[in-house]
$ cat final_31.cif   # mmCIF, C-alpha atoms
data_start
#
loop_
_atom_site.group_PDB
_atom_site.id
_atom_site.type_symbol
_atom_site.label_atom_id
_atom_site.label_comp_id
_atom_site.auth_asym_id
_atom_site.auth_seq_id
_atom_site.Cartn_x
_atom_site.Cartn_y
_atom_site.Cartn_z
ATOM 1 C CA MET A 27 74.568 41.331 -11.591
ATOM 2 C CA SER A 28 72.146 39.032 -13.342
ATOM 3 C CA LYS A 29 72.822 37.505 -16.724
ATOM 4 C CA VAL A 30 71.292 39.409 -19.640
ATOM 5 C CA ILE A 31 69.709 37.826 -22.709
ATOM 6 C CA GLN A 32 68.669 39.763 -25.796
ATOM 7 C CA THR A 33 65.403 38.994 -27.548
ATOM 8 C CA SER A 34 65.252 38.187 -31.252
ATOM 9 C CA ALA A 35 62.356 38.615 -33.637
ATOM 10 C CA LEU A 36 60.406 35.350 -33.784
ATOM 11 C CA SER A 37 60.995 33.421 -36.992
ATOM 12 C CA ALA A 38 60.198 29.880 -38.051
ATOM 13 C CA ASP A 39 63.863 29.078 -38.701
ATOM 14 C CA LYS A 40 65.173 30.255 -35.366
ATOM 15 C CA PHE A 41 62.273 28.724 -33.472
ATOM 16 C CA ALA A 42 62.439 25.341 -35.239
ATOM 17 C CA PRO A 43 64.416 23.536 -32.490
ATOM 18 C CA PHE A 44 61.657 24.376 -30.015
ATOM 19 C CA GLY A 45 58.420 24.373 -31.949
ATOM 20 C CA ASP A 46 56.407 25.810 -34.801
ATOM 21 C CA VAL A 47 55.607 29.375 -35.749
ATOM 22 C CA LEU A 48 52.024 29.565 -36.995
ATOM 23 C CA GLU A 49 51.896 32.412 -39.478
ATOM 24 C CA LEU A 50 50.677 33.015 -43.003
ATOM 25 C CA GLN A 51 53.009 31.330 -45.487
ATOM 26 C CA GLU A 52 54.086 32.926 -48.762
ATOM 27 C CA GLN A 53 51.327 31.065 -50.542
ATOM 28 C CA PRO A 54 48.271 29.318 -49.096
ATOM 29 C CA ASP A 55 48.062 25.550 -49.553
ATOM 30 C CA GLN A 56 44.545 25.850 -50.838
ATOM 31 C CA ILE A 57 42.101 28.552 -51.903
ATOM 32 C CA ILE A 58 38.660 27.771 -50.526
ATOM 33 C CA ASN A 59 35.218 29.354 -50.247
ATOM 34 C CA GLN A 60 34.951 30.437 -53.881
ATOM 35 C CA GLY A 61 38.239 32.314 -53.824
ATOM 36 C CA ASN A 62 37.512 34.187 -50.615
ATOM 37 C CA CYS A 63 39.840 32.360 -48.231
ATOM 38 C CA GLY A 64 43.387 31.019 -48.233
ATOM 39 C CA ARG A 65 44.015 27.933 -46.143
ATOM 40 C CA HIS A 66 47.531 27.636 -44.699
ATOM 41 C CA HIS A 67 47.292 24.039 -43.749
ATOM 42 C CA ASP A 68 48.375 21.963 -40.761
ATOM 43 C CA LEU A 69 51.129 24.230 -39.430
ATOM 44 C CA ALA A 70 51.731 22.648 -36.018
ATOM 45 C CA LYS A 71 53.297 19.379 -34.944
ATOM 46 C CA LEU A 72 50.753 18.452 -32.292
ATOM 47 C CA ASP A 73 51.373 15.562 -29.931
ATOM 48 C CA PHE A 74 49.050 14.788 -27.048
ATOM 49 C CA GLY A 75 50.804 11.643 -25.879
ATOM 50 C CA GLY A 76 47.840 9.365 -25.276
ATOM 51 C CA GLY A 77 45.587 12.211 -24.138
ATOM 52 C CA ARG A 78 43.335 14.289 -26.360
ATOM 53 C CA ALA A 79 43.388 17.816 -27.770
ATOM 54 C CA GLY A 80 41.552 20.567 -25.935
ATOM 55 C CA ILE A 81 41.119 24.296 -26.404
ATOM 56 C CA SER A 82 41.330 26.598 -23.390
ATOM 57 C CA LEU A 83 41.567 30.358 -23.052
ATOM 58 C CA PHE A 84 44.363 31.986 -21.069
ATOM 59 C CA ASP A 85 43.854 35.469 -19.657
ATOM 60 C CA ALA A 86 47.381 36.582 -18.810
ATOM 61 C CA LYS A 87 48.720 39.757 -17.265
ATOM 62 C CA PRO A 88 50.778 41.844 -19.724
ATOM 63 C CA ARG A 89 54.478 42.165 -18.894
ATOM 64 C CA SER A 90 57.170 44.477 -20.216
ATOM 65 C CA LEU A 91 60.863 44.315 -21.009
ATOM 66 C CA PRO A 92 63.228 44.049 -19.238
ATOM 67 C CA TYR A 93 61.698 40.867 -17.819
ATOM 68 C CA GLN A 94 63.201 38.905 -14.948
ATOM 69 C CA LEU A 95 63.126 35.184 -15.714
ATOM 70 C CA ASP A 96 63.390 32.837 -12.775
ATOM 71 C CA LEU A 97 61.282 29.835 -13.758
ATOM 72 C CA LEU A 98 61.063 27.529 -16.732
ATOM 73 C CA GLU A 99 58.607 24.687 -17.202
ATOM 74 C CA ARG A 100 57.903 21.857 -19.589
ATOM 75 C CA HIS A 101 55.054 19.488 -20.371
ATOM 76 C CA PRO A 102 56.454 15.979 -20.805
ATOM 77 C CA ASP A 103 53.199 14.563 -22.217
ATOM 78 C CA GLY A 104 52.128 17.097 -24.798
ATOM 79 C CA SER A 105 52.660 20.026 -27.107
ATOM 80 C CA GLN A 106 51.133 23.404 -26.308
ATOM 81 C CA ALA A 107 50.026 25.995 -28.853
ATOM 82 C CA PHE A 108 49.520 29.659 -27.938
ATOM 83 C CA ILE A 109 47.304 31.648 -30.296
ATOM 84 C CA PRO A 110 46.984 35.360 -29.497
ATOM 85 C CA MET A 111 43.428 36.639 -29.970
ATOM 86 C CA SER A 112 44.602 40.220 -30.497
ATOM 87 C CA LEU A 113 47.077 41.620 -33.030
ATOM 88 C CA THR A 114 49.773 42.104 -30.425
ATOM 89 C CA SER A 115 53.243 40.808 -29.592
ATOM 90 C CA PHE A 116 54.261 38.414 -26.882
ATOM 91 C CA LEU A 117 57.525 37.337 -25.335
ATOM 92 C CA ILE A 118 58.552 33.714 -25.817
ATOM 93 C CA ILE A 119 61.326 32.137 -23.775
ATOM 94 C CA VAL A 120 62.534 28.619 -24.533
ATOM 95 C CA ALA A 121 65.568 26.499 -23.751
ATOM 96 C CA SER A 122 67.122 23.279 -24.969
ATOM 97 C CA ASP A 123 67.317 20.395 -22.555
ATOM 98 C CA VAL A 124 70.724 19.532 -21.153
ATOM 99 C CA ASN A 125 70.649 16.312 -19.163
ATOM 100 C CA GLY A 126 67.180 16.942 -17.794
ATOM 101 C CA SER A 127 67.649 20.632 -16.993
ATOM 102 C CA PRO A 128 67.190 23.700 -19.197
ATOM 103 C CA GLY A 129 70.280 25.027 -20.960
ATOM 104 C CA GLU A 130 70.825 28.666 -21.926
ATOM 105 C CA PRO A 131 67.445 30.333 -22.545
ATOM 106 C CA CYS A 132 66.545 31.946 -25.893
ATOM 107 C CA ALA A 133 64.046 34.782 -26.027
ATOM 108 C CA PHE A 134 61.860 35.835 -28.946
ATOM 109 C CA VAL A 135 59.323 38.586 -29.515
ATOM 110 C CA SER A 136 56.480 37.694 -31.865
ATOM 111 C CA ALA A 137 55.029 39.985 -34.487
ATOM 112 C CA PRO A 138 51.269 40.595 -34.526
ATOM 113 C CA GLY A 139 49.626 37.704 -36.380
ATOM 114 C CA GLN A 140 52.135 35.066 -35.266
ATOM 115 C CA ALA A 141 51.178 32.179 -33.001
ATOM 116 C CA ILE A 142 53.382 29.371 -31.747
ATOM 117 C CA ASN A 143 53.243 25.692 -30.934
ATOM 118 C CA ILE A 144 55.796 24.523 -28.375
ATOM 119 C CA HIS A 145 56.763 20.922 -28.986
ATOM 120 C CA LYS A 146 56.257 18.251 -26.362
ATOM 121 C CA GLY A 147 58.820 18.384 -23.590
ATOM 122 C CA VAL A 148 60.453 21.698 -24.566
ATOM 123 C CA TRP A 149 61.438 24.001 -21.691
ATOM 124 C CA HIS A 150 59.674 27.361 -21.847
ATOM 125 C CA GLY A 151 58.742 30.365 -19.774
ATOM 126 C CA VAL A 152 55.178 31.064 -18.718
ATOM 127 C CA LEU A 153 52.867 32.987 -21.029
ATOM 128 C CA THR A 154 54.109 36.586 -21.213
ATOM 129 C CA PRO A 155 52.058 38.930 -23.374
ATOM 130 C CA LEU A 156 53.675 42.314 -23.939
ATOM 131 C CA HIS A 157 50.378 44.156 -24.424
ATOM 132 C CA ALA A 158 46.817 44.081 -23.142
ATOM 133 C CA PRO A 159 44.655 42.099 -23.464
ATOM 134 C CA GLY A 160 46.668 38.990 -22.746
ATOM 135 C CA LEU A 161 43.992 36.789 -24.294
ATOM 136 C CA PHE A 162 45.189 33.563 -25.910
ATOM 137 C CA ALA A 163 43.596 30.373 -27.137
ATOM 138 C CA VAL A 164 45.714 27.442 -26.017
ATOM 139 C CA VAL A 165 45.605 24.043 -27.695
ATOM 140 C CA ASP A 166 47.091 21.479 -25.382
ATOM 141 C CA ARG A 167 46.693 18.037 -23.898
ATOM 142 C CA MET A 168 43.732 16.905 -21.866
ATOM 143 C CA GLY A 169 44.508 13.758 -19.933
ATOM 144 C CA PRO A 170 45.550 12.250 -16.649
ATOM 145 C CA GLY A 171 48.774 13.098 -14.819
ATOM 146 C CA PRO A 172 50.291 16.476 -13.896
ATOM 147 C CA ASN A 173 52.089 16.890 -17.270
ATOM 148 C CA LEU A 174 54.229 19.626 -15.696
ATOM 149 C CA GLU A 175 57.867 19.940 -14.628
ATOM 150 C CA GLU A 176 59.144 23.191 -13.227
ATOM 151 C CA TYR A 177 62.739 24.372 -12.978
ATOM 152 C CA ARG A 178 63.656 27.344 -10.845
ATOM 153 C CA LEU A 179 66.818 29.080 -12.048
ATOM 154 C CA ALA A 180 69.652 29.397 -9.522
ATOM 155 C CA ALA A 181 69.978 33.083 -10.499
ATOM 156 C CA SER A 182 67.392 35.100 -12.387
ATOM 157 C CA VAL A 183 68.093 36.091 -15.982
ATOM 158 C CA GLU A 184 67.233 39.509 -17.369
ATOM 159 C CA ILE A 185 65.521 39.438 -20.760
ATOM 160 C CA VAL A 186 65.933 42.721 -22.631
ATOM 161 C CA MET B 21 12.401 39.138 -52.888
ATOM 162 C CA SER B 22 14.856 37.045 -50.939
ATOM 163 C CA LYS B 23 14.177 35.840 -47.445
ATOM 164 C CA VAL B 24 15.685 38.033 -44.719
ATOM 165 C CA ILE B 25 17.295 36.742 -41.514
ATOM 166 C CA GLN B 26 18.310 38.981 -38.629
ATOM 167 C CA THR B 27 21.596 38.402 -36.816
ATOM 168 C CA SER B 28 21.752 37.968 -33.034
ATOM 169 C CA ALA B 29 24.658 38.646 -30.715
ATOM 170 C CA LEU B 30 26.628 35.416 -30.269
ATOM 171 C CA SER B 31 26.043 33.791 -26.894
ATOM 172 C CA ALA B 32 26.856 30.372 -25.504
ATOM 173 C CA ASP B 33 23.191 29.621 -24.777
ATOM 174 C CA LYS B 34 21.866 30.461 -28.203
ATOM 175 C CA PHE B 35 24.782 28.759 -29.944
ATOM 176 C CA ALA B 36 24.643 25.573 -27.869
ATOM 177 C CA PRO B 37 22.662 23.501 -30.420
ATOM 178 C CA PHE B 38 25.424 24.108 -32.976
ATOM 179 C CA GLY B 39 28.664 24.319 -31.047
ATOM 180 C CA ASP B 40 30.672 26.030 -28.341
ATOM 181 C CA VAL B 41 31.453 29.679 -27.731
ATOM 182 C CA LEU B 42 35.037 30.022 -26.521
ATOM 183 C CA GLU B 43 35.129 33.093 -24.319
ATOM 184 C CA LEU B 44 36.356 34.037 -20.875
ATOM 185 C CA GLN B 45 34.042 32.585 -18.243
ATOM 186 C CA GLU B 46 32.946 34.479 -15.138
ATOM 187 C CA GLN B 47 35.728 32.826 -13.182
ATOM 188 C CA PRO B 48 38.789 30.962 -14.462
ATOM 189 C CA ASP B 49 39.014 27.248 -13.641
ATOM 190 C CA GLN B 50 42.531 27.700 -12.394
ATOM 191 C CA ILE B 51 44.948 30.513 -11.603
ATOM 192 C CA ILE B 52 48.408 29.627 -12.894
ATOM 193 C CA ASN B 53 51.832 31.203 -13.342
ATOM 194 C CA GLN B 54 52.090 32.630 -9.829
ATOM 195 C CA GLY B 55 48.800 34.467 -10.045
ATOM 196 C CA ASN B 56 49.507 36.025 -13.427
ATOM 197 C CA CYS B 57 47.196 33.957 -15.617
ATOM 198 C CA GLY B 58 43.666 32.608 -15.481
ATOM 199 C CA ARG B 59 43.054 29.329 -17.266
ATOM 200 C CA HIS B 60 39.534 28.866 -18.668
ATOM 201 C CA HIS B 61 39.800 25.188 -19.272
ATOM 202 C CA ASP B 62 38.717 22.848 -22.059
ATOM 203 C CA LEU B 63 35.955 24.949 -23.583
ATOM 204 C CA ALA B 64 35.372 23.039 -26.826
ATOM 205 C CA LYS B 65 33.833 19.674 -27.594
ATOM 206 C CA LEU B 66 36.373 18.512 -30.140
ATOM 207 C CA ASP B 67 35.774 15.401 -32.227
ATOM 208 C CA PHE B 68 38.094 14.373 -35.018
ATOM 209 C CA GLY B 69 36.345 11.120 -35.877
ATOM 210 C CA GLY B 70 39.324 8.809 -36.266
ATOM 211 C CA GLY B 71 41.569 11.544 -37.651
ATOM 212 C CA ARG B 72 43.826 13.839 -35.656
ATOM 213 C CA ALA B 73 43.742 17.492 -34.587
ATOM 214 C CA GLY B 74 45.556 20.062 -36.679
ATOM 215 C CA ILE B 75 45.962 23.818 -36.572
ATOM 216 C CA SER B 76 45.745 25.817 -39.790
ATOM 217 C CA LEU B 77 45.491 29.530 -40.483
ATOM 218 C CA PHE B 78 42.683 30.942 -42.615
ATOM 219 C CA ASP B 79 43.163 34.272 -44.357
ATOM 220 C CA ALA B 80 39.640 35.272 -45.301
ATOM 221 C CA LYS B 81 38.276 38.281 -47.143
ATOM 222 C CA PRO B 82 36.212 40.580 -44.904
ATOM 223 C CA ARG B 83 32.503 40.792 -45.748
ATOM 224 C CA SER B 84 29.815 43.203 -44.650
ATOM 225 C CA LEU B 85 26.123 43.115 -43.856
ATOM 226 C CA PRO B 86 23.757 42.667 -45.579
ATOM 227 C CA TYR B 87 25.292 39.364 -46.688
ATOM 228 C CA GLN B 88 23.790 37.116 -49.362
ATOM 229 C CA LEU B 89 23.882 33.498 -48.244
ATOM 230 C CA ASP B 90 23.631 30.882 -50.944
ATOM 231 C CA LEU B 91 25.752 28.000 -49.678
ATOM 232 C CA LEU B 92 26.004 25.991 -46.492
ATOM 233 C CA GLU B 93 28.471 23.220 -45.749
ATOM 234 C CA ARG B 94 29.204 20.643 -43.094
ATOM 235 C CA HIS B 95 32.050 18.371 -42.099
ATOM 236 C CA PRO B 96 30.683 14.909 -41.341
ATOM 237 C CA ASP B 97 33.941 13.659 -39.811
ATOM 238 C CA GLY B 98 35.011 16.439 -37.472
ATOM 239 C CA SER B 99 34.452 19.566 -35.436
ATOM 240 C CA GLN B 100 35.951 22.864 -36.575
ATOM 241 C CA ALA B 101 37.051 25.695 -34.278
ATOM 242 C CA PHE B 102 37.535 29.257 -35.543
ATOM 243 C CA ILE B 103 39.746 31.475 -33.386
ATOM 244 C CA PRO B 104 40.037 35.098 -34.535
ATOM 245 C CA MET B 105 43.593 36.447 -34.200
ATOM 246 C CA SER B 106 42.398 40.043 -34.018
ATOM 247 C CA LEU B 107 39.915 41.667 -31.641
ATOM 248 C CA THR B 108 37.216 41.886 -34.274
ATOM 249 C CA SER B 109 33.754 40.482 -34.968
ATOM 250 C CA PHE B 110 32.747 37.844 -37.432
ATOM 251 C CA LEU B 111 29.485 36.597 -38.872
ATOM 252 C CA ILE B 112 28.472 33.030 -38.038
ATOM 253 C CA ILE B 113 25.711 31.258 -39.920
ATOM 254 C CA VAL B 114 24.519 27.806 -38.829
ATOM 255 C CA ALA B 115 21.499 25.600 -39.406
ATOM 256 C CA SER B 116 19.974 22.510 -37.879
ATOM 257 C CA ASP B 117 19.800 19.398 -40.017
ATOM 258 C CA VAL B 118 16.394 18.378 -41.321
ATOM 259 C CA ASN B 119 16.488 14.974 -43.007
ATOM 260 C CA GLY B 120 19.964 15.495 -44.418
ATOM 261 C CA SER B 121 19.462 19.100 -45.560
ATOM 262 C CA PRO B 122 19.902 22.378 -43.660
ATOM 263 C CA GLY B 123 16.792 23.836 -42.033
ATOM 264 C CA GLU B 124 16.221 27.558 -41.411
ATOM 265 C CA PRO B 125 19.601 29.301 -40.964
ATOM 266 C CA CYS B 126 20.484 31.226 -37.794
ATOM 267 C CA ALA B 127 22.984 34.083 -37.923
ATOM 268 C CA PHE B 128 25.160 35.427 -35.122
ATOM 269 C CA VAL B 129 27.669 38.232 -34.826
ATOM 270 C CA SER B 130 30.535 37.585 -32.410
ATOM 271 C CA ALA B 131 31.970 40.130 -30.012
ATOM 272 C CA PRO B 132 35.730 40.765 -30.042
ATOM 273 C CA GLY B 133 37.387 38.071 -27.918
ATOM 274 C CA GLN B 134 34.889 35.338 -28.768
ATOM 275 C CA ALA B 135 35.867 32.241 -30.754
ATOM 276 C CA ILE B 136 33.672 29.310 -31.733
ATOM 277 C CA ASN B 137 33.834 25.575 -32.186
ATOM 278 C CA ILE B 138 31.290 24.142 -34.613
ATOM 279 C CA HIS B 139 30.343 20.617 -33.668
ATOM 280 C CA LYS B 140 30.871 17.718 -36.018
ATOM 281 C CA GLY B 141 28.305 17.557 -38.810
ATOM 282 C CA VAL B 142 26.658 20.943 -38.138
ATOM 283 C CA TRP B 143 25.640 22.951 -41.219
ATOM 284 C CA HIS B 144 27.381 26.319 -41.384
ATOM 285 C CA GLY B 145 28.316 29.127 -43.737
ATOM 286 C CA VAL B 146 31.860 29.751 -44.862
ATOM 287 C CA LEU B 147 34.172 31.881 -42.737
ATOM 288 C CA THR B 148 32.914 35.474 -42.908
ATOM 289 C CA PRO B 149 34.964 38.021 -40.973
ATOM 290 C CA LEU B 150 33.314 41.441 -40.736
ATOM 291 C CA HIS B 151 36.593 43.340 -40.430
ATOM 292 C CA ALA B 152 40.165 43.152 -41.713
ATOM 293 C CA PRO B 153 42.352 41.234 -41.216
ATOM 294 C CA GLY B 154 40.336 38.049 -41.617
ATOM 295 C CA LEU B 155 43.033 36.033 -39.871
ATOM 296 C CA PHE B 156 41.860 32.973 -37.942
ATOM 297 C CA ALA B 157 43.460 29.920 -36.411
ATOM 298 C CA VAL B 158 41.367 26.876 -37.250
ATOM 299 C CA VAL B 159 41.485 23.659 -35.253
ATOM 300 C CA ASP B 160 40.014 20.872 -37.308
ATOM 301 C CA ARG B 161 40.435 17.321 -38.476
ATOM 302 C CA MET B 162 43.402 16.008 -40.387
ATOM 303 C CA GLY B 163 42.660 12.689 -42.007
ATOM 304 C CA PRO B 164 41.618 10.885 -45.151
ATOM 305 C CA GLY B 165 38.399 11.546 -47.047
ATOM 306 C CA PRO B 166 36.850 14.810 -48.257
ATOM 307 C CA ASN B 167 35.036 15.531 -44.945
ATOM 308 C CA LEU B 168 32.886 18.077 -46.770
ATOM 309 C CA GLU B 169 29.263 18.268 -47.837
ATOM 310 C CA GLU B 170 27.953 21.367 -49.556
ATOM 311 C CA TYR B 171 24.345 22.482 -49.914
ATOM 312 C CA ARG B 172 23.403 25.213 -52.338
ATOM 313 C CA LEU B 173 20.221 27.043 -51.287
ATOM 314 C CA ALA B 174 17.394 27.085 -53.822
ATOM 315 C CA ALA B 175 17.048 30.845 -53.197
ATOM 316 C CA SER B 176 19.609 33.064 -51.535
ATOM 317 C CA VAL B 177 18.924 34.391 -48.050
ATOM 318 C CA GLU B 178 19.760 37.926 -46.999
ATOM 319 C CA ILE B 179 21.475 38.196 -43.614
ATOM 320 C CA VAL B 180 21.054 41.642 -42.052
#
$ encode --input "final_31.cif" --output "structure tokens"
Amino acid sequence: MSKVIQTSALSADKFAPFGDVLELQEQPDQIINQGNCGRHHDLAKLDFGGGRAGISLFDAKPRSLPYQLDLLERHPDGSQAFIPMSLTSFLIIVASDVNGSPGEPCAFVSAPGQAINIHKGVWHGVLTPLHAPGLFAVVDRMGPGPNLEEYRLAASVEIV
Amino acid sequence: MSKVIQTSALSADKFAPFGDVLELQEQPDQIINQGNCGRHHDLAKLDFGGGRAGISLFDAKPRSLPYQLDLLERHPDGSQAFIPMSLTSFLIIVASDVNGSPGEPCAFVSAPGQAINIHKGVWHGVLTPLHAPGLFAVVDRMGPGPNLEEYRLAASVEIV
């Protein structure tokens, strides 16, 4: 029987070891545009390791729980932000590094209106929207080199 | 009577003099994640003029048409991308530069799923969502200096 991991609601505190949660803060840092807009400023620790920032769109197939996890990946040269372009939830799987391999995975489900930035080099699952459309803007590194390590799990893990 | 400007549907061609439309292309540049995700790669011409990229969230009040335009602004030191986090439309107002002042404004209405990147130094209106919630991720320049020029129109323009 495969190992089972429970999801948690995504929160900045719980996600802090892996990256940033981009969500409205209690108060905006600045009110702009004659009072018509709150700016919640500079929420992501971006790092493009000698490359440059780029914005791409990802069009991903929606998944559902339970989800069978068998692959984790990481980008050694840059952070990667995932910004949902619909008010929907997505599944986020991350893991600490233990001597160059992923440790025990953690799984989170975002609330509508939350985006994330995965820090440079953090193990994570592929993009797994839980609803259609799986349309995301992705802010990540443009530059030379593969910037990708993959790790196939010895036994798949069931995320519930 | 104020001048009246008609909106057009946002399209990459028409918007090209001012910036980039970030939208799914006819074909993805790459299929990733074992066939489950299309990557539409590097769609924005970002320029942070000696600063660095940052991601902020903007929480803007929804507006409606007709809209009275009386102010344009530009950021001389960096591009600014607006990524809607809901599948809704927003109003985009831009203008060419004529000897340091904005020329005739152009107005566009986005389709759900379209984001934009306004090129460095391009005159534009403030963020004007047409529906709630006015929640956007904004990728723009972090760095010293005000990076803001405002231009108040001598007479307001009605956008319809």
$ residues_near_point --input "final_31.cif" --point "(33.8, 24.4, -20.8)" --cutoff "10 Å" --atoms "only C-alpha atoms" --output "list in words"
Ile81 and Ser82 of chain A; Asp40, Val41, Leu42, Glu43, Leu44, Gln45, Asp49, His60, His61, Asp62, Leu63, Ala64 and Lys65 of chain B
$ interface_residues --input "final_31.cif" --of "chain B" --to "chain A" --cutoff "9 Å" --atoms "all atoms listed in the file" --output "PyMOL selection string"
chain B and resi 42-44+48+53+55-66+72-82+101+103-108+132-135+146-147+154-157+159+162
$ resolve_selection --input "final_31.cif" --expression "the PyMOL selection byres ((chain A and resi 98) around 12)" --output "short mmCIF file (atom, residue, chain, number, x, y, z; two decimals) with C-alpha atoms, in the frame of the given file"
data_model
loop_
_atom_site.label_atom_id
_atom_site.label_comp_id
_atom_site.auth_asym_id
_atom_site.auth_seq_id
_atom_site.Cartn_x
_atom_site.Cartn_y
_atom_site.Cartn_z
CA GLN A 94 63.20 38.90 -14.95
CA LEU A 95 63.13 35.18 -15.71
CA ASP A 96 63.39 32.84 -12.78
CA LEU A 97 61.28 29.84 -13.76
CA GLU A 99 58.61 24.69 -17.20
CA ARG A 100 57.90 21.86 -19.59
CA HIS A 101 55.05 19.49 -20.37
CA ILE A 118 58.55 33.71 -25.82
CA ILE A 119 61.33 32.14 -23.78
CA VAL A 120 62.53 28.62 -24.53
CA ALA A 121 65.57 26.50 -23.75
CA SER A 122 67.12 23.28 -24.97
CA ASP A 123 67.32 20.40 -22.56
CA SER A 127 67.65 20.63 -16.99
CA PRO A 128 67.19 23.70 -19.20
CA GLY A 129 70.28 25.03 -20.96
CA GLU A 130 70.82 28.67 -21.93
CA PRO A 131 67.44 30.33 -22.54
CA CYS A 132 66.54 31.95 -25.89
CA GLY A 147 58.82 18.38 -23.59
CA VAL A 148 60.45 21.70 -24.57
CA TRP A 149 61.44 24.00 -21.69
CA HIS A 150 59.67 27.36 -21.85
CA GLY A 151 58.74 30.36 -19.77
CA VAL A 152 55.18 31.06 -18.72
CA LEU A 153 52.87 32.99 -21.03
CA LEU A 174 54.23 19.63 -15.70
CA GLU A 175 57.87 19.94 -14.63
CA GLU A 176 59.14 23.19 -13.23
CA TYR A 177 62.74 24.37 -12.98
CA ARG A 178 63.66 27.34 -10.84
CA LEU A 179 66.82 29.08 -12.05
CA ALA A 180 69.65 29.40 -9.52
CA SER A 182 67.39 35.10 -12.39
CA VAL A 183 68.09 36.09 -15.98
CA ASN B 53 51.83 31.20 -13.34
#
$ atom_distance --input "final_31.cif" --atom1 "CA of Gly104 in chain A" --atom2 "CA of Ile142 in chain A"
14.2 Å
$ atom_distance --input "final_31.cif" --atom1 "CA of Ala181 in chain A" --atom2 "CA of Lys146 in chain A"
25.7 Å
$ atom_distance --input "final_31.cif" --atom1 "CA of Ala127 in chain B" --atom2 "CA of Phe102 in chain B"
15.5 Å
$ residues_around --input "final_31.cif" --residues "Ser136 in chain A" --least-positions-apart "4" --cutoff "6 Å" --atoms "all atoms listed in the file" --output "PyMOL selection string"
chain A and resi 36+115-116
$ residues_around --input "final_31.cif" --residues "Val186 in chain A" --least-positions-apart "6" --cutoff "12 Å" --atoms "all atoms listed in the file" --output "NGL selection string"
:A and (28-34 or 90-95 or 117 or 119 or 132-135)
$ write_last_selection --input "final_31.cif" --atoms "C-alpha atoms" --output "mmCIF file, keeping the file's coordinate frame"
data_model
loop_
_atom_site.group_PDB
_atom_site.id
_atom_site.type_symbol
_atom_site.label_atom_id
_atom_site.label_comp_id
_atom_site.auth_asym_id
_atom_site.auth_seq_id
_atom_site.Cartn_x
_atom_site.Cartn_y
_atom_site.Cartn_z
ATOM 1 C CA SER A 28 72.146 39.032 -13.342
ATOM 2 C CA LYS A 29 72.822 37.505 -16.724
ATOM 3 C CA VAL A 30 71.292 39.409 -19.640
ATOM 4 C CA ILE A 31 69.709 37.826 -22.709
ATOM 5 C CA GLN A 32 68.669 39.763 -25.796
ATOM 6 C CA THR A 33 65.403 38.994 -27.548
ATOM 7 C CA SER A 34 65.252 38.187 -31.252
ATOM 8 C CA SER A 90 57.170 44.477 -20.216
ATOM 9 C CA LEU A 91 60.863 44.315 -21.009
ATOM 10 C CA PRO A 92 63.228 44.049 -19.238
ATOM 11 C CA TYR A 93 61.698 40.867 -17.819
ATOM 12 C CA GLN A 94 63.201 38.905 -14.948
ATOM 13 C CA LEU A 95 63.126 35.184 -15.714
ATOM 14 C CA LEU A 117 57.525 37.337 -25.335
ATOM 15 C CA ILE A 119 61.326 32.137 -23.775
ATOM 16 C CA CYS A 132 66.545 31.946 -25.893
ATOM 17 C CA ALA A 133 64.046 34.782 -26.027
ATOM 18 C CA PHE A 134 61.860 35.835 -28.946
ATOM 19 C CA VAL A 135 59.323 38.586 -29.515
#
